[in-house]
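In what follows, a single structure is set out as structure tokens and then discussed.
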There are 2 protein chains.
Amino acid sequence: MISNKAKYAFRALLTVAAAPEGEALTSTEIARRHAIPHKFLEQILLDLKKAGILESRRGKSGGYIMLRPADTITFGEVLRIFEGPLAPLPCLSRQSYRRCEDCASEANCEIRREFARAYDASRQVLDSRTIADALANVPYDDTGEDQQRLAG
Amino acid sequence: MISNKAKYAFRALLTVAAAPEGEALTSTEIARRHAIPHKFLEQILLDLKKAGILESRRGKSGGYIMLRPADTITFGEVLRIFEGPLAPLPCLSRQSYRRCEDCASEANCEIRREFARAYDASRQVLDSRTIADALANVPYDDTGEDQQRLAG
DNA sequence: TAAATGTCGACTTTATAAGTAGGGAATTGA
DNA sequence: TCAATTCCCTACTTATAAAGTCGACATTTA
């Protein structure tokens, strides 16, 4: 399960991305719309700013706007900001690889091999789908046929 | 990241499954082979027993053996025993569905829709690959072509 | 210049991970 | 039979992270 923090971050980001070009949204407004604890949301927005995703304006008519276009921001990128590495095993993370303490041989590790399959599958989705994709509102049909249709 | 507990469970299970038919392995022996804290492993083996995956014999020539064949035990099943639901959101879990407290409409939730894609992809792997598959030792080639070759 | 906003650091509370500890119950080989 | 070996069970500890809460400060603008 992903954390509340990450879920709030996505709600906030989708809201800011959906706002009219140039219009800043305040943390108070975002918190109100989604019933997110205000002070908690402030921390989250700050994290998104430090990550170079949002931009902020202070003072009376302040608020948050997108720093980068929504179609350059993937779900994977945002998730990593709040959850750390997405890999199920440290030895499978590309961005922050660590070997498993107790592992004799990575090449022969059955656990690593199987989880690599699962992680590849989910990473392919998370690192390709963007905030803009999500807002495009195309329904998702869970029949297992999508992957082949899209790949073909 | 998966917990140490789950990782130990997989190591133990793969070891018991790889043992000669009918030969019981003691918790001490399994712990020694993989340098797993013995008392901790005992709890894990007990969980696997309660889940109907392992069988145990007590006393002098006791130990653990498989209760069900290794090709009927998926990685997803084992993972759920130790990690709970695998879904990234409660509203995406089939086996233990809960609605998200703060969600207005599941059908229109962009977060749910995107994570459904990711979860479907990884679930398809975890719920199909078995302990027996893992022991078959077929190398895994991460080029993104496997899915199509296997599907075709 | 006061009100509205974002920024920052410290604190609290609760839950979970990762073990540790100590004994009790069953089996079996001598 | 009895002692060694094994599994079985409960309780405890320690460290870390999640999910906030709180109070003060900094910046902008009407």
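Just so we're on the same page: first chain in the structure tokens is A, next is B, and so on; residues restart at 1 for each chain, and ligands are numbered from 1 in the order they show up.
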
Task: Sel. of helix (DSSP H, G or I) residues, chain A, as a ChimeraX atom specification - done: /A:4-18,27-34,38-50,70-72,75-83,90-92,106-108,110-126,131-136,146-151

Task: Proximal residues of chain A relative to chain D (only C-alpha atoms (C1' of nucleotides); 8 Å) as a list in words - done: Ser3, Asn4, Pro37, Lys39, Phe40, Arg58, Gly59, Lys60, Ser61 and Gly62 of chain A

Create the file for the chosen residues now, containing C-alpha atoms and written as an mmCIF file, in the first residue's frame.
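The resulting file, out_28.cif, is shown below:
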```cif
data_model
loop_
_atom_site.group_PDB
_atom_site.id
_atom_site.type_symbol
_atom_site.label_atom_id
_atom_site.label_comp_id
_atom_site.auth_asym_id
_atom_site.auth_seq_id
_atom_site.Cartn_x
_atom_site.Cartn_y
_atom_site.Cartn_z
ATOM 1 C CA SER A 3 1.285 6.028 2.066
ATOM 2 C CA ASN A 4 -1.354 8.695 2.641
ATOM 3 C CA PRO A 37 -4.997 18.135 6.921
ATOM 4 C CA LYS A 39 -0.338 21.544 7.797
ATOM 5 C CA PHE A 40 0.417 18.085 6.532
ATOM 6 C CA ARG A 58 4.300 33.770 -1.435
ATOM 7 C CA GLY A 59 2.193 36.542 -0.011
ATOM 8 C CA LYS A 60 -1.332 37.687 -0.434
ATOM 9 C CA SER A 61 -2.116 36.270 -3.845
ATOM 10 C CA GLY A 62 0.270 33.374 -3.573
#
```

- [ ] Could you give me, as a PyMOL selection string, each residue of chain B that DSSP assigns to strand (DSSP E or B) when run on this structure's backbone?
- [x] chain B and resi 25+54-57+63-66+74+130

Just write the chosen residues, N, CA and C atoms, as a compact mmCIF listing (two decimals), in the first residue's frame.
```txt
# COMPACT_ATOMS: atom_id res chain seq x y z
N LEU B 25 13.33 -31.13 6.59
CA LEU B 25 14.41 -30.23 6.95
C LEU B 25 14.07 -29.56 8.27
N LEU B 54 3.23 -25.65 4.48
CA LEU B 54 4.18 -26.63 4.99
C LEU B 54 3.50 -27.57 5.97
N GLU B 55 4.16 -28.71 6.15
CA GLU B 55 3.72 -29.68 7.15
C GLU B 55 4.91 -29.88 8.07
N SER B 56 4.63 -30.22 9.34
CA SER B 56 5.75 -30.39 10.26
C SER B 56 5.68 -31.74 10.96
N ARG B 57 6.84 -32.22 11.35
CA ARG B 57 6.92 -33.40 12.21
C ARG B 57 7.72 -33.01 13.44
N GLY B 63 11.01 -32.03 11.57
CA GLY B 63 11.38 -31.03 10.57
C GLY B 63 10.18 -30.63 9.74
N TYR B 64 10.46 -29.96 8.63
CA TYR B 64 9.39 -29.46 7.76
C TYR B 64 9.46 -30.07 6.38
N ILE B 65 8.29 -30.38 5.84
CA ILE B 65 8.18 -30.81 4.45
C ILE B 65 7.03 -30.06 3.78
N MET B 66 6.97 -30.12 2.46
CA MET B 66 5.89 -29.46 1.74
C MET B 66 4.57 -30.16 2.02
N THR B 74 2.01 -19.92 -5.45
CA THR B 74 2.50 -18.75 -6.18
C THR B 74 3.23 -17.79 -5.24
N THR B 130 5.20 -19.67 -9.80
CA THR B 130 5.18 -20.54 -8.62
C THR B 130 6.58 -20.83 -8.10
```

- [ ] For atom CA of Lys5 of chain A and atom CA of Pro20 of chain A, determine how far apart the two atoms are, in Å to one decimal place.
- [x]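 Between these atoms lies a distance of 25.0 Å.
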
Task: Selected residue, from A:Asp127, A:Glu29, A:Glu21, A:Glu42, that lies nearest to chain C when counting only C-alpha atoms (C1' of nucleotides) - done: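 Selected residue with least distance to chain C: A:Glu42.
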
Considering only C-alpha atoms, tabulate each residue of chain B that lies at most 7 Å from chain A along with its nearest interatomic pair and the corresponding distance in Å to one decimal; arrange the rows by chain and ascending residue number and present them as CSV.
```
residue,atom,partner,partner_atom,distance
B:Met1,CA,A:Pro88,CA,4.0
B:Ile2,CA,A:Pro88,CA,5.4
B:Leu86,CA,A:Met1,CA,6.9
B:Ala87,CA,A:Met1,CA,6.0
B:Pro88,CA,A:Met1,CA,4.0
B:Leu89,CA,A:Met1,CA,5.4
B:Glu110,CA,A:Ala134,CA,5.6
B:Arg113,CA,A:Tyr140,CA,6.5
B:Glu114,CA,A:Ala134,CA,6.7
B:Arg117,CA,A:Val125,CA,6.8
B:Ala118,CA,A:Ser122,CA,4.7
B:Tyr119,CA,A:Ser122,CA,6.6
B:Ala121,CA,A:Ala121,CA,5.3
B:Ser122,CA,A:Ala118,CA,4.7
B:Val125,CA,A:Ala118,CA,5.4
B:Leu126,CA,A:Ala118,CA,6.3
B:Ala134,CA,A:Glu110,CA,5.6
B:Leu135,CA,A:Glu110,CA,6.9
B:Tyr140,CA,A:Arg113,CA,6.5
```

Output file for the residues above (N, CA and C atoms, as a CSV table (one decimal), in the first residue's frame):
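That gives us selection.csv:
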```
chain,number,residue,atom,x,y,z
B,1,MET,N,9.7,-2.0,-0.8
B,1,MET,CA,10.6,-3.2,-0.4
B,1,MET,C,9.8,-4.2,0.4
B,2,ILE,N,10.1,-5.4,0.1
B,2,ILE,CA,9.4,-6.5,0.9
B,2,ILE,C,10.2,-6.6,2.2
B,86,LEU,N,-1.5,-7.0,-1.4
B,86,LEU,CA,-0.4,-6.5,-2.3
B,86,LEU,C,-0.8,-5.2,-3.1
B,87,ALA,N,-2.1,-5.0,-3.1
B,87,ALA,CA,-2.6,-3.8,-3.9
B,87,ALA,C,-2.0,-2.5,-3.3
B,88,PRO,N,-1.7,-1.6,-4.2
B,88,PRO,CA,-1.2,-0.3,-3.8
B,88,PRO,C,-2.2,0.6,-3.1
B,89,LEU,N,-3.5,0.3,-3.4
B,89,LEU,CA,-4.6,1.1,-2.7
B,89,LEU,C,-5.6,0.1,-2.2
B,110,GLU,N,-8.5,9.3,-10.7
B,110,GLU,CA,-7.4,9.1,-11.6
B,110,GLU,C,-6.3,8.3,-11.0
B,113,ARG,N,-7.2,4.7,-11.2
B,113,ARG,CA,-7.1,4.2,-12.5
B,113,ARG,C,-5.6,3.9,-12.9
B,114,GLU,N,-4.7,4.8,-12.6
B,114,GLU,CA,-3.3,4.6,-12.9
B,114,GLU,C,-2.7,3.5,-12.1
B,117,ARG,N,-3.5,0.0,-13.4
B,117,ARG,CA,-2.6,-0.5,-14.5
B,117,ARG,C,-1.3,-1.1,-13.9
B,118,ALA,N,-0.7,-0.4,-13.0
B,118,ALA,CA,0.6,-0.9,-12.4
B,118,ALA,C,0.3,-2.2,-11.7
B,119,TYR,N,-0.7,-2.2,-10.9
B,119,TYR,CA,-1.0,-3.4,-10.0
B,119,TYR,C,-1.3,-4.6,-10.9
B,121,ALA,N,-0.3,-5.3,-13.8
B,121,ALA,CA,0.9,-5.8,-14.4
B,121,ALA,C,1.7,-6.7,-13.4
B,122,SER,N,1.9,-6.2,-12.2
B,122,SER,CA,2.7,-7.0,-11.3
B,122,SER,C,1.9,-8.2,-10.7
B,125,VAL,N,2.2,-11.3,-12.8
B,125,VAL,CA,3.4,-12.0,-12.6
B,125,VAL,C,3.3,-12.8,-11.3
B,126,LEU,N,3.1,-12.1,-10.2
B,126,LEU,CA,3.2,-12.7,-8.9
B,126,LEU,C,2.1,-13.8,-8.6
B,134,ALA,N,10.3,-21.0,-10.1
B,134,ALA,CA,11.5,-20.3,-9.6
B,134,ALA,C,12.7,-21.3,-9.5
B,135,LEU,N,12.4,-22.6,-9.1
B,135,LEU,CA,13.4,-23.6,-9.0
B,135,LEU,C,13.8,-24.1,-10.3
B,140,TYR,N,16.1,-15.1,-16.6
B,140,TYR,CA,15.1,-14.1,-17.0
B,140,TYR,C,15.8,-13.0,-17.7
```

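Interface residues on chain C toward chain B (cut-off 7 Å, only C-alpha atoms (C1' of nucleotides)): DG19, DA26, DT27 and DT28 of chain C.
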
Task: Point-to-point distance from atom CA of Val78 of chain B to atom C1' of DT16 of chain C, Å rounded to tenths - done: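 Atom-to-atom, atom CA of Val78 of chain B and atom C1' of DT16 of chain C are spaced 19.0 Å apart.
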
Task: Which residue of B:Leu45, B:Cys100, B:Ile81, B:Ala9 approaches Thr26 of chain B most closely, using only C-alpha atoms - done: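 Counting only C-alpha atoms, the residue closest to Thr26 of chain B is B:Leu45.
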
Open item on the list: From the options A:Tyr97, A:Gln43, A:Arg32, A:Thr72, which residue's atoms come nearest to DG9 of chain C, counting only C-alpha atoms (C1' of nucleotides)?
Closed with: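 Nearest candidate to DG9 of chain C out of A:Tyr97, A:Gln43, A:Arg32, A:Thr72: A:Gln43.
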